[in-house]
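Heads up, structure.cif below (mmCIF, C-alpha atoms):
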```cif
data_model
#
loop_
_atom_site.label_atom_id
_atom_site.label_comp_id
_atom_site.auth_asym_id
_atom_site.auth_seq_id
_atom_site.Cartn_x
_atom_site.Cartn_y
_atom_site.Cartn_z
CA MET A 1 0.78 28.79 -1.91
CA VAL A 2 4.30 27.34 -2.18
CA GLU A 3 4.82 24.97 -5.06
CA ALA A 4 8.45 24.03 -4.57
CA ASN A 5 9.10 20.30 -5.02
CA TYR A 6 5.65 19.92 -6.40
CA ILE A 7 5.49 17.67 -9.42
CA PRO A 8 2.11 17.77 -11.19
CA ILE A 9 0.20 14.56 -10.65
CA VAL A 10 -0.87 12.91 -13.89
CA ARG A 11 -3.86 10.76 -13.16
CA PRO A 12 -4.41 7.76 -15.42
CA ASP A 13 -7.36 7.72 -17.77
CA PRO A 14 -9.91 5.22 -16.33
CA SER A 15 -11.20 4.11 -19.73
CA GLU A 16 -7.68 3.21 -20.83
CA GLU A 17 -7.18 1.42 -17.54
CA LEU A 18 -10.13 -0.82 -18.39
CA THR A 19 -8.30 -2.42 -21.32
CA TRP A 20 -5.06 -3.03 -19.48
CA VAL A 21 -6.67 -4.46 -16.36
CA GLY A 22 -8.84 -6.73 -18.52
CA ARG A 23 -5.76 -8.05 -20.29
CA CYS A 24 -3.96 -8.43 -16.97
CA ARG A 25 -6.79 -10.61 -15.68
CA LYS A 26 -6.13 -12.98 -18.58
CA GLY A 27 -2.49 -13.26 -17.55
CA ASP A 28 -1.01 -10.93 -20.15
CA ASP A 29 2.54 -10.05 -19.06
CA THR A 30 2.68 -6.95 -21.24
CA ALA A 31 -0.42 -5.55 -19.52
CA LEU A 32 1.12 -6.30 -16.13
CA THR A 33 4.30 -4.44 -17.07
CA HIS A 34 2.27 -1.56 -18.47
CA LEU A 35 0.22 -1.17 -15.28
CA ILE A 36 3.37 -1.22 -13.15
CA HIS A 37 5.02 1.37 -15.36
CA ARG A 38 1.92 3.53 -15.30
CA HIS A 39 1.52 3.74 -11.53
CA ARG A 40 4.95 3.10 -10.03
CA ASN A 41 6.26 6.67 -9.73
CA ARG A 42 3.16 8.15 -8.21
CA LEU A 43 2.73 5.21 -5.87
CA VAL A 44 6.34 5.36 -4.67
CA ARG A 45 6.08 9.12 -4.17
CA THR A 46 2.86 8.86 -2.18
CA ALA A 47 4.28 6.08 0.01
CA THR A 48 7.52 8.04 0.51
CA ASN A 49 5.68 11.11 1.70
CA LEU A 50 3.43 9.05 3.95
CA LEU A 51 6.28 7.08 5.52
CA ARG A 52 9.10 9.63 5.02
CA ASP A 53 11.40 6.78 4.07
CA ARG A 54 12.17 6.04 0.44
CA HIS A 55 13.43 2.48 0.79
CA GLU A 56 10.53 1.43 2.92
CA ALA A 57 8.20 3.18 0.48
CA GLU A 58 9.55 1.16 -2.45
CA ASP A 59 9.06 -2.03 -0.51
CA VAL A 60 5.50 -1.08 0.42
CA SER A 61 4.75 -0.06 -3.19
CA GLN A 62 5.89 -3.45 -4.44
CA GLU A 63 3.77 -5.19 -1.84
CA ALA A 64 0.80 -3.04 -2.88
CA PHE A 65 1.23 -4.04 -6.54
CA LEU A 66 1.54 -7.72 -5.67
CA LYS A 67 -1.52 -7.61 -3.43
CA ALA A 68 -3.52 -5.73 -6.06
CA PHE A 69 -2.65 -8.31 -8.73
CA ARG A 70 -3.37 -11.18 -6.33
CA GLU A 71 -6.76 -9.74 -5.38
CA LEU A 72 -7.73 -8.53 -8.83
CA HIS A 73 -10.73 -10.86 -8.78
CA ARG A 74 -12.21 -8.69 -6.01
CA LEU A 75 -12.24 -5.61 -8.22
CA ARG A 76 -15.71 -5.24 -9.70
CA ASP A 77 -15.04 -2.30 -11.99
CA ASP A 78 -11.73 -2.40 -13.85
CA ARG A 79 -11.79 1.39 -14.26
CA ALA A 80 -11.37 1.67 -10.49
CA PHE A 81 -8.01 -0.12 -10.49
CA SER A 82 -6.11 3.05 -9.63
CA GLY A 83 -8.19 3.71 -6.50
CA PHE A 84 -8.00 0.02 -5.58
CA LEU A 85 -4.20 0.06 -5.81
CA TYR A 86 -3.76 3.27 -3.83
CA ARG A 87 -6.17 2.14 -1.15
CA ILE A 88 -4.07 -1.00 -0.67
CA CYS A 89 -0.91 1.11 -0.59
CA VAL A 90 -2.29 3.56 2.01
CA ARG A 91 -3.45 0.64 4.17
CA LEU A 92 -0.03 -1.01 3.97
CA CYS A 93 1.65 2.30 4.83
CA MET A 94 -0.66 2.66 7.83
CA ASP A 95 0.26 -0.86 9.02
CA ARG A 96 3.95 -0.15 8.47
CA LEU A 97 3.77 3.12 10.39
CA ARG A 98 1.98 1.50 13.33
CA LEU A 99 4.61 -1.22 13.40
CA LYS A 100 7.35 1.39 13.24
CA ARG A 101 5.84 3.38 16.08
CA ALA A 102 5.70 0.30 18.25
CA GLU A 103 9.47 -0.02 17.86
CA PRO A 104 12.01 2.34 19.52
CA ALA A 105 12.22 5.66 17.67
CA GLU A 106 15.06 6.20 15.23
CA PHE A 107 15.76 9.45 13.46
CA ASP A 108 17.98 8.18 10.70
CA SER A 109 15.44 7.75 7.99
CA VAL A 110 16.12 11.16 6.44
CA GLN A 111 19.81 10.53 5.96
CA ASN A 112 19.30 9.44 2.38
CA HIS A 113 17.52 12.58 1.32
CA GLU A 114 19.55 15.13 -0.49
CA GLY A 115 19.73 18.91 -0.65
CA GLY A 116 19.84 21.82 1.76
CA ALA A 117 16.25 21.39 2.91
CA ILE A 118 17.29 18.54 5.17
CA GLU A 119 16.73 20.50 8.40
CA ASN A 120 13.25 21.38 7.26
CA ARG A 121 12.55 17.75 6.47
CA VAL A 122 13.84 16.53 9.82
CA LEU A 123 11.68 19.08 11.60
CA ILE A 124 8.59 18.18 9.58
CA GLU A 125 9.25 14.48 10.09
CA ARG A 126 9.41 14.96 13.84
CA ILE A 127 6.20 16.97 13.84
CA LEU A 128 4.43 14.38 11.68
CA ASP A 129 5.64 11.64 14.00
CA GLN A 130 3.71 13.29 16.82
CA LEU A 131 0.43 13.29 14.91
CA PRO A 132 -1.92 10.31 15.13
CA ALA A 133 -1.57 8.12 12.01
CA ASP A 134 -5.01 8.90 10.56
CA LEU A 135 -4.52 12.68 10.92
CA ARG A 136 -1.01 12.47 9.50
CA PHE A 137 -2.14 10.50 6.45
CA THR A 138 -5.10 12.80 5.78
CA LEU A 139 -2.84 15.85 6.01
CA VAL A 140 -0.13 14.43 3.74
CA LEU A 141 -2.58 13.14 1.12
CA ARG A 142 -4.32 16.50 0.97
CA GLU A 143 -1.46 18.97 1.40
CA ILE A 144 1.46 17.22 -0.26
CA GLU A 145 -0.22 14.84 -2.68
CA GLN A 146 -2.93 17.42 -3.37
CA LEU A 147 -5.68 14.85 -3.59
CA SER A 148 -9.31 15.92 -3.54
CA TYR A 149 -11.53 15.19 -0.53
CA GLU A 150 -13.19 12.41 -2.54
CA GLU A 151 -9.87 10.77 -3.33
CA VAL A 152 -8.65 11.00 0.27
CA ALA A 153 -11.96 9.49 1.40
CA GLU A 154 -11.63 6.67 -1.12
CA TYR A 155 -8.01 5.87 -0.31
CA MET A 156 -8.55 5.98 3.44
CA HIS A 157 -11.90 4.22 3.21
CA VAL A 158 -13.76 6.84 5.28
CA PRO A 159 -16.68 9.22 4.56
CA ILE A 160 -15.94 12.70 3.16
CA GLY A 161 -17.23 14.31 6.37
CA THR A 162 -14.58 12.41 8.32
CA VAL A 163 -11.91 13.66 5.92
CA ARG A 164 -13.09 17.24 6.44
CA SER A 165 -13.02 17.03 10.23
CA ARG A 166 -9.72 15.11 10.30
CA LEU A 167 -8.13 17.64 8.01
CA HIS A 168 -9.24 20.52 10.21
CA SER A 169 -7.86 18.82 13.35
CA ALA A 170 -4.66 17.81 11.57
CA ARG A 171 -3.97 21.34 10.36
CA GLU A 172 -4.58 22.79 13.80
CA LYS A 173 -2.42 20.21 15.60
CA PHE A 174 0.28 20.54 13.00
CA ARG A 175 0.31 24.33 13.43
CA LYS A 176 0.60 24.08 17.22
CA LEU A 177 3.41 21.52 17.02
CA TRP A 178 5.17 23.62 14.42
CA LEU A 179 4.99 26.70 16.67
CA GLU A 180 6.39 24.68 19.59
CA ALA A 181 9.21 23.34 17.40
CA MET A 182 10.05 26.79 16.11
CA ALA A 183 10.12 28.18 19.66
CA GLU A 184 12.73 25.58 20.72
CA MET B 1 -14.91 42.79 21.08
CA ILE B 2 -18.06 40.82 20.23
CA ILE B 3 -16.44 39.67 17.01
CA ARG B 4 -13.36 38.51 18.92
CA LYS B 5 -15.30 36.61 21.60
CA PHE B 6 -17.84 34.85 19.44
CA GLY B 7 -16.18 34.56 16.06
CA CYS B 8 -12.82 32.92 16.78
CA LYS B 9 -14.03 29.35 16.33
CA ARG B 10 -15.85 30.23 13.12
CA PHE B 11 -12.80 32.10 11.87
CA GLU B 12 -10.58 29.09 12.58
CA ILE B 13 -12.91 26.76 10.64
CA LEU B 14 -13.27 29.16 7.72
CA ALA B 15 -9.51 29.76 7.62
CA SER B 16 -9.00 26.01 7.23
CA GLU B 17 -11.80 25.67 4.68
CA SER B 18 -10.51 28.61 2.65
CA LEU B 19 -7.51 26.41 1.78
CA ASP B 20 -9.82 23.92 0.05
CA ARG B 21 -12.67 26.00 -1.38
CA GLY B 22 -13.60 29.52 -2.35
CA LEU B 23 -15.45 31.42 0.35
CA VAL B 24 -18.81 33.08 -0.32
CA PRO B 25 -18.81 36.90 -0.03
CA ALA B 26 -20.44 36.86 3.44
CA GLU B 27 -17.79 34.48 4.78
CA PHE B 28 -15.04 36.50 3.17
CA ARG B 29 -16.41 39.68 4.73
CA PHE B 30 -16.65 38.06 8.15
CA MET B 31 -13.05 36.89 7.94
CA SER B 32 -11.76 40.32 6.95
CA GLN B 33 -13.60 41.98 9.82
CA HIS B 34 -12.48 39.36 12.33
CA ARG B 35 -8.89 39.48 11.13
CA GLU B 36 -8.77 43.20 11.77
CA ALA B 37 -10.32 42.91 15.19
CA CYS B 38 -8.56 39.81 16.60
CA ALA B 39 -4.78 39.74 16.79
CA ARG B 40 -4.74 36.16 18.09
CA CYS B 41 -6.64 34.82 15.09
CA ARG B 42 -4.52 36.90 12.77
CA GLN B 43 -1.37 35.36 14.21
CA SER B 44 -2.78 31.85 14.13
CA GLU B 45 -3.78 32.27 10.50
CA THR B 46 -0.29 33.45 9.59
CA SER B 47 1.37 30.60 11.48
CA ARG B 48 -0.98 28.05 9.85
CA VAL B 49 -0.07 29.27 6.39
CA MET B 50 3.65 29.21 7.23
CA ALA B 51 3.48 25.72 8.77
CA LEU B 52 1.58 24.29 5.82
CA ASN B 53 3.95 25.93 3.35
CA MET B 54 6.84 24.30 5.16
CA LEU B 55 5.04 20.96 5.02
CA ARG B 56 4.55 21.28 1.25
CA GLU B 57 8.16 22.30 0.79
CA SER B 58 9.27 19.18 2.64
CA ALA B 59 7.67 16.93 0.01
CA ILE B 60 10.09 14.26 -1.14
CA PRO B 61 10.03 14.10 -4.93
CA ALA B 62 10.78 10.39 -4.98
CA GLN B 63 10.53 8.19 -8.02
CA ALA B 64 10.72 4.47 -8.47
CA ASP B 65 14.19 3.01 -8.69
CA ASP B 66 15.45 1.78 -12.10
CA SER B 67 15.33 -1.81 -10.94
CA PHE B 68 11.82 -1.42 -9.53
CA ASP B 69 10.04 -3.01 -12.51
CA ARG B 70 12.49 -5.88 -12.79
CA ARG B 71 12.30 -6.74 -9.08
CA LEU B 72 8.55 -6.43 -9.03
CA LEU B 73 8.06 -8.59 -12.13
CA ARG B 74 10.29 -11.26 -10.63
CA ARG B 75 8.26 -11.21 -7.42
CA ALA B 76 5.01 -11.27 -9.42
CA ARG B 77 6.15 -14.34 -11.37
CA LEU B 78 7.24 -16.04 -8.17
CA GLN B 79 3.88 -15.25 -6.63
CA SER B 80 2.11 -16.63 -9.69
CA ALA B 81 4.19 -19.84 -9.56
CA ARG B 82 3.42 -20.26 -5.86
CA GLU B 83 -0.27 -19.78 -6.55
CA GLN B 84 -0.10 -22.41 -9.29
CA VAL B 85 1.62 -24.84 -6.94
CA SER B 86 -0.80 -24.20 -4.11
CA TYR B 87 -3.69 -24.55 -6.57
CA TRP B 88 -2.52 -27.81 -8.11
CA SER B 89 -0.81 -29.44 -5.12
CA PRO B 90 -4.00 -30.95 -3.56
CA ALA B 91 -4.89 -32.38 -6.96
CA ALA B 92 -1.36 -33.72 -7.43
CA VAL B 93 -1.37 -35.36 -4.00
CA GLY B 94 -4.80 -36.88 -4.69
CA ALA B 95 -3.68 -38.18 -8.08
CA THR B 96 -0.53 -39.74 -6.57
CA VAL B 97 -2.51 -41.48 -3.83
CA ALA B 98 -5.01 -42.76 -6.39
CA LEU B 99 -2.20 -44.02 -8.64
CA VAL B 100 -0.56 -45.88 -5.74
CA LEU B 101 -3.89 -47.48 -4.82
CA VAL B 102 -4.54 -48.54 -8.41
CA LEU B 103 -1.06 -50.05 -8.75
CA ALA B 104 -1.46 -51.92 -5.49
CA ALA B 105 -4.84 -53.27 -6.61
CA VAL B 106 -3.43 -54.37 -9.96
CA GLN B 107 -0.57 -56.10 -8.19
CA LEU B 108 -2.95 -57.98 -5.89
CA VAL B 109 -5.22 -59.09 -8.71
CA SER B 110 -2.43 -60.28 -11.00
CA LYS B 111 -0.58 -62.29 -8.30
CA PRO B 112 -1.56 -66.09 -8.56
CA ASN B 113 -2.88 -67.84 -5.44
CA GLY B 114 -1.15 -71.13 -6.32
CA LEU B 115 -0.29 -73.22 -9.36
CA PRO B 116 -3.01 -73.41 -11.99
CA GLU B 117 -4.73 -76.79 -12.56
CA ASN B 118 -3.29 -77.37 -15.99
CA ASN B 119 0.23 -76.65 -14.84
CA SER B 120 2.61 -79.28 -16.18
CA PRO B 121 6.31 -78.67 -15.95
CA ALA B 122 8.04 -79.08 -19.26
CA GLY B 123 11.18 -80.61 -17.74
CA GLU B 124 11.81 -84.04 -16.21
CA ALA B 125 12.68 -84.54 -12.55
CA ARG B 126 15.87 -86.53 -12.00
CA LEU B 127 17.63 -87.60 -8.88
CA SER B 128 21.06 -86.14 -8.78
CA SER B 129 23.82 -88.37 -7.51
CA SER B 130 25.71 -85.47 -6.03
CA LEU B 131 22.92 -84.69 -3.61
CA PRO B 132 22.92 -86.47 -0.25
CA ALA B 133 20.51 -89.33 -0.04
CA VAL B 134 17.23 -88.64 1.67
CA PRO B 135 16.96 -90.84 4.73
CA ASP B 136 14.05 -93.28 4.75
CA LEU B 137 12.06 -92.45 7.87
CA ASN B 138 9.81 -95.51 7.56
CA SER B 139 12.62 -98.05 7.62
CA THR B 140 13.50 -99.63 10.93
CA PRO B 141 17.05 -99.30 12.15
#
```
Let me see whether you can do it: turn the structure in this file into structure tokens.
Amino acid sequence: MVEANYIPIVRPDPSEELTWVGRCRKGDDTALTHLIHRHRNRLVRTATNLLRDRHEAEDVSQEAFLKAFRELHRLRDDRAFSGFLYRICVRLCMDRLRLKRAEPAEFDSVQNHEGGAIENRVLIERILDQLPADLRFTLVLREIEQLSYEEVAEYMHVPIGTVRSRLHSAREKFRKLWLEAMAE
Amino acid sequence: MIIRKFGCKRFEILASESLDRGLVPAEFRFMSQHREACARCRQSETSRVMALNMLRESAIPAQADDSFDRRLLRRARLQSAREQVSYWSPAAVGATVALVLVLAAVQLVSKPNGLPENNSPAGEARLSSSLPAVPDLNSTP
């Protein structure tokens, strides 16, 4: 198992979340700032790996925060804020990707990435672009973000069985596309 | 040969599942036997591992920009202000209309229809010599 580029994911403590979300509901600016600070890096990273575009990912992450704060009244359990926020983010990424795919393809979104792994990233981006959006998101959330089946199911709003079957299909399709790309 | 013909699909599923969970001894044994017997599955397993490793290596270790918080807080405040306006604007419009109606009603009520009965001008009417004389319409020419 390769762990290059992998930054351990620190998941927020739900009981602590309860206090901050409660204060945020009452319009406390400090709580708002705290929640942003707490989730921003992980959210931006997830969106970046889903969309493969950092600037777009930042924009989507901001939209996700704003939507989460706007719809905070819909959240029944304050401890579930994290899942609520990421679900919104994944949905916005999905919408953004569909919109992007409807437009003519451009391969300039990796130009801002740094380092010698750029060829690898371009190749992976092209392969991911050929996968259906739901398979792509399941694969990235599981393989890159290292989320559990339960978390992927929660964020994508599908049953765990669907995650399992999508993951199997995604891995197989990804492997075949990778072999084709390597043969070129 | 039997293993190769009838076990490839199972091997493929177990190879994928082995990435997420530990296999039970029977599954592990089956995979070892099948791997030895089937070159195609062996190759596909190797290529799957390599492809997924490459995918993991391509992870972008992005972090939020320094100005992320500031921009987001500004947008959040703007959103909050808009919500306040959209919440209070129907009430404000209603209050304005009501105020206009009340003012109009007050104006109508306070305006006199004519001179009151006890009206008596304090001054004295005098005929000014500088004014032209009013012609007497009853007199005959």
- Please measure the separation of CA of Ala64 (chain A) and CA of Leu92 (chain A), giving the value in Å to one decimal.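 About the pair CA of Ala64 (chain A) and CA of Leu92 (chain A): they are 7.2 Å apart.
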- Would you list the contacts of His34 (chain A) as a list in words, taking every protein, DNA or RNA residue within 12 Å and counting all atoms listed in the file, but skipping same-chain residues closer than 4 positions in sequence?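 In the requested format, the answer is Pro12, Glu16, Glu17, Thr19, Trp20, Val21, Arg23, Cys24, Asp28, Asp29, Thr30, Arg38, His39 and Arg40 of chain A; Asp69 and Leu73 of chain B.
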- Task: Find the residues in chain A near chain B: any atom within 7 Å counts, using only C-alpha atoms. Write them as JSON, numbers by chain.
- Result: {"A": [1, 2, 4, 5, 36, 40, 41, 44, 45, 48, 49, 58, 62, 66, 120, 121, 124, 143, 144, 168, 175, 178]}
For those residues, write C-alpha atoms to a file as a PDB file, in the coordinates of the input.
```
ATOM      1  CA  MET A   1       0.780  28.790  -1.910  1.00  0.00           C
ATOM      2  CA  VAL A   2       4.300  27.340  -2.180  1.00  0.00           C
ATOM      3  CA  ALA A   4       8.450  24.030  -4.570  1.00  0.00           C
ATOM      4  CA  ASN A   5       9.100  20.300  -5.020  1.00  0.00           C
ATOM      5  CA  ILE A  36       3.370  -1.220 -13.150  1.00  0.00           C
ATOM      6  CA  ARG A  40       4.950   3.100 -10.030  1.00  0.00           C
ATOM      7  CA  ASN A  41       6.260   6.670  -9.730  1.00  0.00           C
ATOM      8  CA  VAL A  44       6.340   5.360  -4.670  1.00  0.00           C
ATOM      9  CA  ARG A  45       6.080   9.120  -4.170  1.00  0.00           C
ATOM     10  CA  THR A  48       7.520   8.040   0.510  1.00  0.00           C
ATOM     11  CA  ASN A  49       5.680  11.110   1.700  1.00  0.00           C
ATOM     12  CA  GLU A  58       9.550   1.160  -2.450  1.00  0.00           C
ATOM     13  CA  GLN A  62       5.890  -3.450  -4.440  1.00  0.00           C
ATOM     14  CA  LEU A  66       1.540  -7.720  -5.670  1.00  0.00           C
ATOM     15  CA  ASN A 120      13.250  21.380   7.260  1.00  0.00           C
ATOM     16  CA  ARG A 121      12.550  17.750   6.470  1.00  0.00           C
ATOM     17  CA  ILE A 124       8.590  18.180   9.580  1.00  0.00           C
ATOM     18  CA  GLU A 143      -1.460  18.970   1.400  1.00  0.00           C
ATOM     19  CA  ILE A 144       1.460  17.220  -0.260  1.00  0.00           C
ATOM     20  CA  HIS A 168      -9.240  20.520  10.210  1.00  0.00           C
ATOM     21  CA  ARG A 175       0.310  24.330  13.430  1.00  0.00           C
ATOM     22  CA  TRP A 178       5.170  23.620  14.420  1.00  0.00           C
TER      23      TRP A 178
END
```
I need the residue set behind the PyMOL selection byres ((chain A and resi 60) around 10) for this file; please write it as an mmCIF file with C-alpha atoms, in the coordinates of the input.
```cif
data_model
loop_
_atom_site.group_PDB
_atom_site.id
_atom_site.type_symbol
_atom_site.label_atom_id
_atom_site.label_comp_id
_atom_site.auth_asym_id
_atom_site.auth_seq_id
_atom_site.Cartn_x
_atom_site.Cartn_y
_atom_site.Cartn_z
ATOM 1 C CA LEU A 43 2.730 5.210 -5.870
ATOM 2 C CA VAL A 44 6.340 5.360 -4.670
ATOM 3 C CA ALA A 47 4.280 6.080 0.010
ATOM 4 C CA THR A 48 7.520 8.040 0.510
ATOM 5 C CA LEU A 51 6.280 7.080 5.520
ATOM 6 C CA ARG A 54 12.170 6.040 0.440
ATOM 7 C CA HIS A 55 13.430 2.480 0.790
ATOM 8 C CA GLU A 56 10.530 1.430 2.920
ATOM 9 C CA ALA A 57 8.200 3.180 0.480
ATOM 10 C CA GLU A 58 9.550 1.160 -2.450
ATOM 11 C CA ASP A 59 9.060 -2.030 -0.510
ATOM 12 C CA SER A 61 4.750 -0.060 -3.190
ATOM 13 C CA GLN A 62 5.890 -3.450 -4.440
ATOM 14 C CA GLU A 63 3.770 -5.190 -1.840
ATOM 15 C CA ALA A 64 0.800 -3.040 -2.880
ATOM 16 C CA PHE A 65 1.230 -4.040 -6.540
ATOM 17 C CA LEU A 66 1.540 -7.720 -5.670
ATOM 18 C CA ILE A 88 -4.070 -1.000 -0.670
ATOM 19 C CA CYS A 89 -0.910 1.110 -0.590
ATOM 20 C CA VAL A 90 -2.290 3.560 2.010
ATOM 21 C CA ARG A 91 -3.450 0.640 4.170
ATOM 22 C CA LEU A 92 -0.030 -1.010 3.970
ATOM 23 C CA CYS A 93 1.650 2.300 4.830
ATOM 24 C CA ARG A 96 3.950 -0.150 8.470
#
```
- Using the chain letters and numbers from the file, which residues does the PyMOL selection byres ((chain A and resi 165) around 12) grab, as a PyMOL selection string? (chain A and resi 134-135+138-139+149+153+158-164+166-172) or (chain B and resi 13+16-17)
- Separation of CA of Arg98 (chain A) and CA of Phe81 (chain A), in Å?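 CA of Phe81 (chain A) lies 25.9 Å from CA of Arg98 (chain A).
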- Task: For the point (-7.9, 40.0, 15.5) in the file's frame, write as a PyMOL selection string all residues with an atom no more than 12 Å away, counting all atoms listed in the file.
- Result: chain B and resi 1-8+11-12+30-46
- Task: Kindly give the distance, in Å, that separates CA of Tyr87 (chain B) and CA of Gly83 (chain A), rounded to a single decimal.
- Result: 28.6 Å
Taking all atoms of region 77-89 of chain B that the file lists, what box with edges along x, y and z, padded by 4 Å per side, do you get, with centre and edge lengths in Å to one decimal, as lines of an AutoDock Vina configuration file?
```
center_x = 1.8
center_y = -21.9
center_z = -7.7
size_x = 18.9
size_y = 23.1
size_z = 15.3
```
- From A:Arg142, A:Ala31, A:Arg70, A:Phe137, residue lying nearest Ala81 (chain B) [all atoms listed in the file]: A:Arg70
